[in-house]
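S.K.: Sharing target-v2.txt here; it has compact mmCIF, C-alpha atoms.
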```
# COMPACT_ATOMS: atom_id res chain seq x y z
CA MET A 157 14.32 -23.21 57.79
CA THR A 158 16.17 -26.33 56.63
CA VAL A 159 18.55 -26.37 53.70
CA VAL A 160 16.12 -28.51 51.66
CA THR A 161 13.24 -26.13 52.36
CA ALA A 162 15.40 -23.16 51.35
CA LEU A 163 16.52 -24.91 48.17
CA GLN A 164 12.94 -25.81 47.27
CA ALA A 165 11.83 -22.22 47.85
CA ALA A 166 14.69 -20.97 45.69
CA LEU A 167 13.71 -23.45 42.98
CA ALA A 168 10.10 -22.27 43.09
CA ALA A 169 11.34 -18.67 42.79
CA GLU A 170 13.48 -19.59 39.79
CA TYR A 171 10.54 -21.26 38.02
CA ALA A 172 8.50 -18.11 38.49
CA THR A 173 11.39 -15.94 37.36
CA VAL A 174 11.99 -17.95 34.20
CA TYR A 175 8.29 -17.63 33.40
CA GLY A 176 8.33 -13.93 34.19
CA TYR A 177 11.34 -13.19 32.02
CA GLY A 178 9.44 -14.67 29.10
CA VAL A 179 6.82 -11.98 29.62
CA VAL A 180 9.45 -9.30 30.23
CA GLY A 181 11.45 -10.12 27.11
CA ALA A 182 8.41 -9.84 24.90
CA ARG A 183 7.95 -6.19 25.94
CA LEU A 184 11.57 -5.09 25.54
CA THR A 185 13.74 -4.30 22.55
CA GLY A 186 17.40 -3.75 21.76
CA ALA A 187 19.92 -3.81 24.61
CA ASP A 188 17.20 -4.27 27.21
CA GLN A 189 15.93 -7.37 25.47
CA GLY A 190 19.49 -8.66 25.20
CA TYR A 191 20.02 -8.15 28.93
CA ALA A 192 16.72 -9.91 29.66
CA THR A 193 17.71 -12.85 27.47
CA THR A 194 21.05 -13.19 29.25
CA ALA A 195 19.29 -12.99 32.62
CA LEU A 196 16.76 -15.62 31.52
CA GLU A 197 19.56 -17.98 30.52
CA ALA A 198 21.31 -17.45 33.84
CA HIS A 199 18.11 -18.22 35.74
CA MET A 200 17.59 -21.40 33.72
CA VAL A 201 21.08 -22.53 34.69
CA THR A 202 20.34 -21.74 38.35
CA ARG A 203 17.03 -23.58 38.15
CA ASP A 204 18.74 -26.70 36.81
CA ARG A 205 21.44 -26.43 39.43
CA LEU A 206 18.82 -26.24 42.16
CA ILE A 207 17.01 -29.30 40.81
CA GLY A 208 20.29 -31.20 41.04
CA LEU A 209 21.00 -29.96 44.57
CA VAL A 210 17.55 -30.90 45.86
CA SER A 211 17.78 -34.35 44.27
CA ALA A 212 21.27 -34.88 45.69
CA LEU A 213 19.84 -34.31 49.17
CA GLY A 214 17.30 -37.10 48.59
CA ALA A 215 14.26 -34.88 48.12
CA THR A 216 11.94 -34.54 45.16
CA PRO A 217 12.31 -31.13 43.51
CA VAL A 218 9.14 -29.07 43.49
CA ALA A 219 7.53 -28.81 40.08
CA ALA A 220 6.90 -25.65 38.13
CA LEU A 221 3.34 -24.39 37.98
CA PRO A 222 1.60 -24.48 34.61
CA ALA A 223 1.25 -20.70 34.72
CA TYR A 224 1.92 -17.81 37.10
CA ARG A 225 -0.22 -14.85 38.01
CA LEU A 226 1.70 -11.66 37.38
CA PRO A 227 1.62 -9.07 40.19
CA PHE A 228 0.51 -6.40 37.70
CA ALA A 229 -0.22 -6.08 34.00
CA VAL A 230 2.89 -5.90 31.84
CA THR A 231 1.92 -3.67 28.96
CA ASP A 232 5.01 -1.65 28.11
CA THR A 233 8.73 -1.23 28.66
CA ALA A 234 8.35 0.41 32.05
CA SER A 235 6.11 -2.29 33.50
CA ALA A 236 8.34 -4.99 31.99
CA LYS A 237 11.38 -3.53 33.74
CA GLN A 238 9.41 -3.20 36.94
CA LEU A 239 8.45 -6.88 36.78
CA ALA A 240 12.05 -7.89 36.06
CA ALA A 241 13.23 -5.93 39.10
CA GLN A 242 10.57 -7.56 41.25
CA LEU A 243 11.51 -11.03 40.03
CA GLU A 244 15.16 -10.42 40.87
CA GLN A 245 14.25 -9.12 44.30
CA GLY A 246 12.34 -12.34 44.89
CA CYS A 247 15.38 -14.36 43.90
CA ALA A 248 17.53 -12.29 46.25
CA GLY A 249 15.09 -13.17 49.05
CA ALA A 250 15.38 -16.87 48.25
CA ALA A 251 19.18 -16.56 48.22
CA TRP A 252 19.10 -14.81 51.63
CA ASP A 253 17.15 -17.73 53.07
CA LEU A 254 19.52 -20.24 51.53
CA ILE A 255 22.56 -18.47 52.97
CA ALA A 256 20.91 -18.28 56.39
CA ALA A 257 20.02 -21.99 56.30
CA SER A 258 23.40 -23.20 55.05
CA ALA A 259 26.30 -24.18 57.26
CA THR A 260 29.53 -22.22 57.68
CA SER A 261 32.04 -22.46 54.83
CA THR A 262 29.99 -24.78 52.66
CA SER A 263 29.67 -24.77 48.88
CA LEU A 264 25.95 -24.19 49.35
CA ARG A 265 26.55 -20.96 51.23
CA SER A 266 29.04 -19.94 48.60
CA LEU A 267 26.42 -20.51 45.91
CA GLY A 268 23.91 -18.43 47.84
CA ILE A 269 26.41 -15.58 48.17
CA GLY A 270 26.90 -15.60 44.41
CA TRP A 271 23.18 -15.78 43.70
CA ILE A 272 22.24 -12.90 45.95
CA ALA A 273 24.89 -10.74 44.26
CA ASP A 274 23.69 -11.68 40.77
CA ALA A 275 20.11 -10.91 41.73
CA ALA A 276 21.05 -7.56 43.29
CA VAL A 277 23.06 -6.52 40.24
CA ARG A 278 20.22 -7.40 37.87
CA ALA A 279 17.58 -5.78 40.09
CA THR A 280 19.65 -2.60 40.10
CA HIS A 281 19.96 -2.76 36.32
CA TRP A 282 16.15 -2.84 36.09
CA GLY A 283 15.79 0.07 38.49
CA GLY A 284 14.98 -1.93 41.61
CA THR A 285 17.86 -0.97 43.90
CA GLN A 286 17.59 -2.19 47.49
CA ALA A 287 19.88 -1.22 50.35
CA LEU A 288 19.77 -4.76 51.71
CA PRO A 289 18.89 -7.14 48.88
CA GLY A 290 16.89 -10.15 49.98
CA GLN A 291 16.41 -9.07 53.57
CA PRO A 292 13.03 -10.25 54.88
CA ALA A 293 10.57 -7.41 55.43
CA MET B 296 33.38 -26.83 127.17
CA THR B 297 36.99 -26.34 126.13
CA VAL B 298 38.97 -27.49 123.09
CA GLN B 299 42.65 -28.31 123.13
CA ILE B 300 44.62 -26.66 120.28
CA SER B 301 48.42 -26.85 120.34
CA GLY B 302 48.28 -27.63 123.96
CA ARG B 303 46.27 -24.46 124.80
CA ALA B 304 42.76 -24.66 126.13
CA ILE B 305 40.34 -22.45 124.16
CA SER B 306 36.77 -21.90 125.27
CA ARG B 307 33.83 -22.54 122.91
CA ARG B 308 32.93 -18.82 123.12
CA ALA B 309 36.41 -17.90 121.87
CA LEU B 310 36.12 -20.39 119.03
CA LEU B 311 32.74 -18.97 117.95
CA ALA B 312 34.03 -15.42 118.10
CA GLY B 313 36.98 -16.40 115.95
CA ALA B 314 34.72 -18.10 113.45
CA LEU B 315 32.51 -15.02 113.22
CA VAL B 316 35.51 -12.77 112.62
CA THR B 317 36.68 -15.15 109.92
CA LEU B 318 33.25 -15.16 108.26
CA ALA B 319 33.01 -11.38 108.45
CA GLY B 320 36.41 -11.14 106.84
CA CYS B 321 35.32 -13.41 104.01
CA GLY B 322 32.23 -11.30 103.39
CA LYS B 323 34.31 -8.15 103.30
CA HIS B 324 36.78 -9.30 100.70
CA ARG B 325 34.76 -11.71 98.62
CA ARG B 326 33.75 -10.22 95.28
CA PRO B 327 30.59 -11.28 93.52
CA THR B 328 31.27 -13.50 90.54
CA PRO B 329 31.13 -11.26 87.49
CA PRO B 330 28.58 -12.33 84.90
CA ALA B 331 30.07 -14.07 81.90
CA PRO B 332 30.48 -11.57 79.07
CA VAL B 333 27.85 -11.92 76.38
CA VAL B 334 29.71 -12.31 73.12
CA ALA B 335 27.58 -12.02 70.00
CA PRO B 336 28.20 -14.72 67.43
CA ASP B 337 30.54 -13.42 64.73
CA ALA B 338 31.41 -10.41 66.91
CA ALA B 339 34.77 -9.89 65.21
CA ALA B 340 33.22 -10.22 61.76
CA LEU B 341 30.50 -7.72 62.64
CA THR B 342 33.17 -5.30 63.85
CA SER B 343 35.09 -5.71 60.58
CA ALA B 344 31.96 -5.11 58.53
CA ARG B 345 31.04 -2.03 60.57
CA THR B 346 34.53 -0.65 60.08
CA LEU B 347 34.16 -1.15 56.32
CA GLU B 348 30.87 0.70 56.26
CA SER B 349 32.22 3.50 58.47
CA LEU B 350 35.13 3.84 56.08
CA LEU B 351 32.78 4.10 53.12
CA LEU B 352 30.60 6.66 54.89
CA ALA B 353 33.64 8.78 55.68
CA SER B 354 34.76 8.49 52.08
CA TYR B 355 31.34 9.60 50.85
CA ASP B 356 31.38 12.53 53.27
CA ALA B 357 34.74 13.63 51.90
CA LYS B 358 33.45 13.37 48.32
CA ILE B 359 30.19 15.16 49.13
CA ALA B 360 32.05 18.07 50.70
CA ASN B 361 33.83 18.76 47.41
CA ALA B 362 31.07 17.80 44.98
CA THR B 363 28.95 19.98 42.73
CA VAL B 364 25.34 20.45 43.80
CA ARG B 365 24.11 17.97 41.20
CA HIS B 366 26.68 15.31 41.98
CA ARG B 367 26.17 15.85 45.69
CA ALA B 368 22.56 14.65 45.47
CA VAL B 369 23.65 11.42 43.78
CA LEU B 370 26.35 10.83 46.36
CA GLN B 371 23.95 11.48 49.22
CA VAL B 372 21.58 8.81 47.94
CA ALA B 373 24.46 6.32 47.76
CA ARG B 374 25.64 7.39 51.20
CA ALA B 375 22.19 6.69 52.63
CA VAL B 376 22.45 3.09 51.43
CA HIS B 377 25.66 2.63 53.40
CA ALA B 378 24.11 4.28 56.43
CA THR B 379 21.38 1.62 56.22
CA HIS B 380 24.06 -1.07 56.05
CA LEU B 381 25.79 0.31 59.13
CA ALA B 382 22.51 0.50 61.04
CA ALA B 383 21.73 -3.12 60.16
CA LEU B 384 25.16 -4.23 61.32
CA LYS B 385 24.77 -2.33 64.59
CA SER B 386 21.40 -3.91 65.25
CA ALA B 387 23.00 -7.32 64.74
CA ASP B 388 25.51 -6.58 67.49
CA LEU B 389 24.12 -4.64 70.42
CA ASN B 390 27.60 -4.27 71.93
CA ALA B 391 28.81 -2.29 68.95
CA PRO B 392 30.52 1.04 69.71
CA ASP B 393 28.95 4.15 68.24
CA ARG B 394 31.80 4.97 65.94
CA ALA B 395 35.16 3.65 64.94
CA ASP B 396 38.25 5.71 64.18
CA ILE B 397 38.97 5.12 60.55
CA ALA B 398 40.97 6.53 57.72
CA VAL B 399 39.28 7.98 54.67
CA GLU B 400 39.66 6.16 51.38
CA THR B 401 39.41 8.74 48.62
CA ASN B 402 38.91 6.21 45.83
CA LEU B 403 35.32 5.11 46.39
CA ARG B 404 35.27 2.47 43.67
CA HIS B 405 38.42 0.94 45.07
CA ALA B 406 36.95 0.93 48.58
CA LEU B 407 33.69 -0.61 47.38
CA HIS B 408 35.46 -3.25 45.33
CA GLY B 409 37.64 -4.26 48.25
CA SER B 410 34.68 -4.41 50.59
CA VAL B 411 32.83 -6.89 48.36
CA ALA B 412 35.57 -9.50 48.68
CA THR B 413 35.90 -8.98 52.43
CA LEU B 414 32.15 -9.14 53.07
CA ARG B 415 31.84 -12.31 51.01
CA GLU B 416 34.56 -13.92 53.10
CA LEU B 417 32.84 -12.81 56.29
CA SER B 418 29.58 -14.29 55.03
CA LEU B 419 31.15 -17.61 54.17
CA ALA B 420 32.81 -17.90 57.58
CA ALA B 421 29.94 -16.57 59.71
CA VAL B 422 28.66 -18.92 62.39
CA ASP B 423 25.21 -17.37 62.57
CA GLY B 424 23.13 -17.82 59.42
CA THR B 425 21.41 -14.44 59.70
CA ASN B 426 24.76 -12.69 60.02
CA ALA B 427 25.99 -14.62 56.98
CA ALA B 428 22.98 -13.47 54.97
CA LEU B 429 23.44 -9.87 56.16
CA PHE B 430 27.11 -9.80 55.10
CA ALA B 431 26.23 -11.34 51.73
CA SER B 432 23.39 -8.87 51.22
CA ILE B 433 25.65 -5.90 51.91
CA ALA B 434 28.30 -7.35 49.59
CA ALA B 435 25.62 -7.74 46.93
CA SER B 436 24.50 -4.15 47.41
CA HIS B 437 28.09 -2.91 47.06
CA GLU B 438 28.55 -5.03 43.95
CA ALA B 439 25.36 -3.65 42.44
CA SER B 440 26.48 -0.09 43.11
CA LEU B 441 29.70 -0.77 41.20
CA GLN B 442 27.76 -1.49 38.00
```
Since I need it in another form, could you write the structure as structure tokens?

M.R.:
Amino acid sequence: MTVVTALQAALAAEYATVYGYGVVGARLTGADQGYATTALEAHMVTRDRLIGLVSALGATPVAALPAYRLPFAVTDTASAKQLAAQLEQGCAGAAWDLIAASATSTSLRSLGIGWIADAAVRATHWGGTQALPGQPA
Amino acid sequence: MTVQISGRAISRRALLAGALVTLAGCGKHRRPTPPAPVVAPDAAALTSARTLESLLLASYDAKIANATVRHRAVLQVARAVHATHLAALKSADLNAPDRADIAVETNLRHALHGSVATLRELSLAAVDGTNAALFASIAASHEASLQ
């Protein structure tokens, strides 16, 4: 996988995650909703960063889809948390690929290392702990 | 036929016999070229990461031995995560020894915290991309467990 391909895949994952957190936030209240809002904002920052990185490499950033099919119906707090965990695990997978595609001691690899940690921490918060976050199945 | 060497006449048969002895001698003492050692990329980094995980496992074992029944179950779940990390690191380096001699760190949080920084550095410096991702993933898992 090339760096551009990995960045584009990460961008696509971030679009889906931003969309998903909109659904998640609507089903949560209190501290959970606050955490979801903070996570959403962080993902929007990452999304914008990825757009800039792809453009800087001379490629056209992939566009967001008009809508995304959710993997299951989000009807309550439990399913909202489950979706949030799944979204974060997807982002961890994209970060894994980016790290693997990036060269030694580059800022890109450093970014990937930070992103996989952020995703793992948030996934754990939502109850989606993984022994090896992002590792391909 | 004879050959003159240092003024002495040596028969062809003597020369051949001498050559055969010489060849036999070479065969006796020549050692086969040893195969070049297969060094896994990031071998030293993988060893460092395995040592970290072994240290954490030993620390968990020490905690589990003195824990209440309820706390023991929680610790055993966390320990299993690190056992998975160690197995993944071993599968990334087939030359890995079975176990390393390590000291036990009694402060688990301290050990986990320290391991995050080290694993991140190993990831950044790794030559092989898959190893880099593995180190980063383990660091991320440790960081998540600190929350």

S.K.: May I ask you to extract the residues of chain A within 8 Å of chain B, using all atoms listed in the file, and to give them as JSON, numbers by chain?

M.R.: {"A": [252, 253, 255, 256, 257, 258, 259, 260, 261, 262, 265, 266, 269, 272, 273, 274, 276, 277, 278, 280, 286, 287, 288, 289, 290, 291]}

S.K.: Please compute the CA of Ala212 (chain A)-CA of Glu244 (chain A) distance, one decimal, in Å.

M.R.: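 Those two atoms sit 25.7 Å apart.
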
S.K.: Any idea what the distance is between CA of His366 (chain B) and CA of Ala382 (chain B)?

M.R.: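 Separation of CA of His366 (chain B) and CA of Ala382 (chain B): 24.5 Å.
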
S.K.: I'd like the contact shell of Gly208 (chain A) - 12 Å cut-off, only C-alpha atoms, skipping same-chain residues fewer than 3 positions apart - returned as a ChimeraX atom specification.

M.R.: /A:160,163-164,167,201-205,211-218

S.K.: Would you list the contacts of Arg374 (chain B) as a PDB file with C-alpha atoms, in the coordinates of the input, taking every protein, DNA or RNA residue within 8 Å and counting all atoms listed in the file, but skipping same-chain residues closer than 3 positions in sequence?

M.R.:
```
ATOM      1  CA  LEU B 352      30.600   6.660  54.890  1.00  0.00           C
ATOM      2  CA  TYR B 355      31.340   9.600  50.850  1.00  0.00           C
ATOM      3  CA  ASP B 356      31.380  12.530  53.270  1.00  0.00           C
ATOM      4  CA  LEU B 370      26.350  10.830  46.360  1.00  0.00           C
ATOM      5  CA  GLN B 371      23.950  11.480  49.220  1.00  0.00           C
ATOM      6  CA  HIS B 377      25.660   2.630  53.400  1.00  0.00           C
ATOM      7  CA  ALA B 378      24.110   4.280  56.430  1.00  0.00           C
TER       8      ALA B 378
END
```

S.K.: I'd like the interatomic distance between CA of Gly283 (chain A) and CA of Ala182 (chain A), to a tenth of an Å.

M.R.: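 Those two atoms sit 18.4 Å apart.
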
S.K.: Go through A:Met200, A:Ala275, A:Ala172, A:Ala192 and flag the residue nearest Pro222 (chain A), using all atoms listed in the file for the distances.

M.R.: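 The shortest atom-to-atom distance to Pro222 (chain A) comes from A:Ala172.
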
S.K.: Find the spatial neighbours of Trp282 (chain A), counting only C-alpha atoms, within a cut-off of 8 Å - ignore same-chain residues fewer than 4 positions away - and output them as a ChimeraX atom specification.

M.R.: /A:237-238,240-241,278

S.K.: Taking 2 positions as the minimum chain separation for residues in the same chain, which residues sit within 8 Å of Gly176 (chain A) when counting only C-alpha atoms? Answer as JSON, numbers by chain.

M.R.: {"A": [172, 173, 174, 178, 179, 180, 226, 239, 240, 243]}
